[in-house]
Amino acid sequence: MRKLAIVLILFSGSVLLTQAQKGKVTSASNYLTNNEIAKAWEAIQVAEKNPKTENYAKTYYVKGQILQKIAESKDEKIKALAENPLENAYESYQKAIKLDEKGKMGKAIDFQLPMLNNDFINQGVVKFQAKDFAGALKSFEYSLEIGKSPVFAGVVDTSIIYNAALAAYNGNDYENALKYFGMAKDMNYGGISIYQLMERVYFAQGDSASAEKLMQEGIQTFPDNNDLMIELINYYLISNQDDKAFEYLNKALEKDPGNANYWYVQGVLYDKRGELDNAMKSYLKSIEIDPTYYNPYYNAGVIKFNEGVNLWDAANKVTDNTEFEKAKKVADNAFAESVPYFEKALENATTDVQKRESMENLKVLYYRLKMMDKREEIIKKLDELDSGN
C-alpha cells in the first residue's frame with residue numbers, strides 16, 4: 001500500500017505541473033482580455049516553447065488571437081512585437097485545428113476567421129495604396145484561402161479575386177494577373193474591364209494571338225459595348241491587318257452609324273489604301289457627326305496639302321510659262337483648300353502636340369499663299385507655346 005501511495009503522489013504532481021504550464025496559456029488569454037497585448041505575447045511564447053504545451057491546441061488558438069490584436073493595433077510598439085502577424089495568426093489557427101483531435105476548438109476558430117479575413121482585406125488595401133502590390137496580392141490570397149473554410153459556406157468573394165488580379169497586374173505579375181482575371185471572368189465579375197485588362201497583359205507578354213482571341217470573345221459577350229471593338233480595330237490597324245480592320249469596322253458602323261470615331265477610322269483605312277476620295281468622304285462624315293473632333297479635320301487637311309504638293313511637283317515639270325502658271329494656280333487652290341481644315345483642327349486641338357502640328361502646317365501654307373499677317377500670328381503662337389505661356 002505504501003508504494004501505491006508514492007505512485008499516486010507522483011502522478012498527482014505530474015498533473016499539477018501540466019496544469020501549471022497550461023496556466024501560461026490561460027494567463028496569455030487573460031492578458032489579452034485585459035488588452036495587455038505585450039504581456040499576452042510574452043506568455044504565449046513561453047507556452048509555445050514548453051514541451052508540455054507545444055502540442056496543445058489552445059496554445060495556437062490563443063496565439064492566433066494575440067497575433068490578430070498585434071496586427072490591428074495602432075501602437076507602433078505593439079505592432080513591432082511580431083513580423084507578419086496576420087499570416088502567422090492564420091498559420092496558428094491552422095495548427096490549432098490540426099492538433100485539436102477532439103474538435104473542441106472548431107467553433108471558437110470559426111468565430112475568429114471572418115475577422116481575420118477582414119484584417120487581410122484591409123491589409124491588402126493598405127498595401128495596394130502604398131504600391132506594395134506583391135504584399136497586397138499576398139494579403140488578398142490569404143483572404144481567398146480563408147474563404148474556403150466551411151464557416152463561409154462555399155460563398156466566394158469575387159471582389160477579392162478581382163482585387164488580387166489588380167494587385168498582380170499593377171505589380172507586373174502577369175501569371176497571377178491572368179489567373180485571377182480569368183477566375184473573375186469565369187464568374188461573370190468585372191464586366192468589360194476584365195477583357196481590357198487581360199488583353200493588356202497578353203500584349204505585355206507578347207501574346208497578340210491570345211489578346212486578339214480575347215477581344216473577339218469580349219465583343220461577343222458585350223455586343224453593345226464599343227470599347228473592345230475600337231481596341232480590336234486599332235490592333236488590326238497597328239498590325240497592318242487592314243482587311244480584318246475593315247471587317248470589324250463595318251460591323252461597328254452597322255450597329256452605330258452615328259459614331260464619329262468609326263467614320264474617322266474608316267477614313268484612315270481608305271487613306272492607307274490610297275483611296276483618297278473615299279478617305280475624304282469618311283473624314284467629312286466624321287466631322288458632320290462631331291464638329292469638335294480634331295483628328296478628321298487634321299487628316300482632311302493633310303490630304304489636301306499633299307494634293308497641293310503633288311500638283312506643285314507636276315507644275316514644276318511644265319516648261320511653258322503660261323501652262324506653268326495655270327498648273328501653279330491649280331496647286332495653290334489645293335493648298336488653299338487645306339487651310340480651313342488645319343484652322344479648324346487648331347481650334348479643336350486639346351494637346352500641345354496637336355496645336356503644334358496644326359500650326360506648323362499653317363505656317364507653311366500661309367507663307368506659300370502669301371498670307372503674311374496670319375503667318376506672323378501663327379509664329380507668335382508657336383513662340384508662346386515654346387515658352388509655356
# chains A, B, ... in the order shown; residues from 1 in each chain; ligands from 1
call {"tool": "residues_around", "arguments": {"residues": "segment 338-342 of chain A", "least_positions_apart": "3", "cutoff": "7 Å", "atoms": "only C-alpha atoms", "output": "ChimeraX atom specification"}}
result
/A:297-298,300-301,304-305,334-335,345-346,358,362
call {"tool": "write_last_selection", "arguments": {"atoms": "C-alpha atoms", "output": "PDB file, in the first residue's frame"}}
result
ATOM      1  CA  TYR A 297     -10.044  67.870 -89.600  1.00  0.00           C
ATOM      2  CA  TYR A 298      -6.300  67.384 -89.423  1.00  0.00           C
ATOM      3  CA  ALA A 300      -8.534  66.063 -94.251  1.00  0.00           C
ATOM      4  CA  GLY A 301      -6.099  68.985 -94.227  1.00  0.00           C
ATOM      5  CA  LYS A 304      -5.497  68.485 -99.441  1.00  0.00           C
ATOM      6  CA  PHE A 305      -1.987  69.641 -98.522  1.00  0.00           C
ATOM      7  CA  ALA A 334      -5.420  72.731-103.359  1.00  0.00           C
ATOM      8  CA  PHE A 335      -3.163  74.338-100.739  1.00  0.00           C
ATOM      9  CA  ALA A 345      -8.076  71.397 -86.285  1.00  0.00           C
ATOM     10  CA  LEU A 346      -6.169  74.084 -84.354  1.00  0.00           C
ATOM     11  CA  SER A 358      -1.565  72.213 -86.865  1.00  0.00           C
ATOM     12  CA  LEU A 362      -0.466  76.594 -91.248  1.00  0.00           C
TER      13      LEU A 362
END
call {"tool": "select_by_dssp", "arguments": {"residues": "segment 63-208 of chain A", "states": "helix (DSSP H, G or I)", "output": "PyMOL selection string"}}
result
chain A and resi 63-72+76-79+85-99+106-129+133-146+150-152+158-170+174-186+192-204+208
call {"tool": "residues_around", "arguments": {"residues": "Ile78 of chain A", "least_positions_apart": "3", "cutoff": "10 Å", "atoms": "only C-alpha atoms", "output": "PyMOL selection string"}}
result
chain A and resi 36-38+41+69-75+81-82
call {"tool": "atom_distance", "arguments": {"atom1": "atom CA of Glu376 of chain A", "atom2": "atom CA of Asp313 of chain A"}}
result
26.8 Å
call {"tool": "residues_around", "arguments": {"residues": "Gly308 of chain A", "least_positions_apart": "4", "cutoff": "12 Å", "atoms": "only C-alpha atoms", "output": "list in words"}}
result
Gly301, Val302, Ile303, Lys304, Trp312, Asp313, Ala314, Ala315, Ala327, Lys328, Lys329, Val330, Ala331, Asp332, Asn333, Ala334, Phe335, Ala336, Glu337, Ser338, Val339, Leu365, Arg368 and Leu369 of chain A
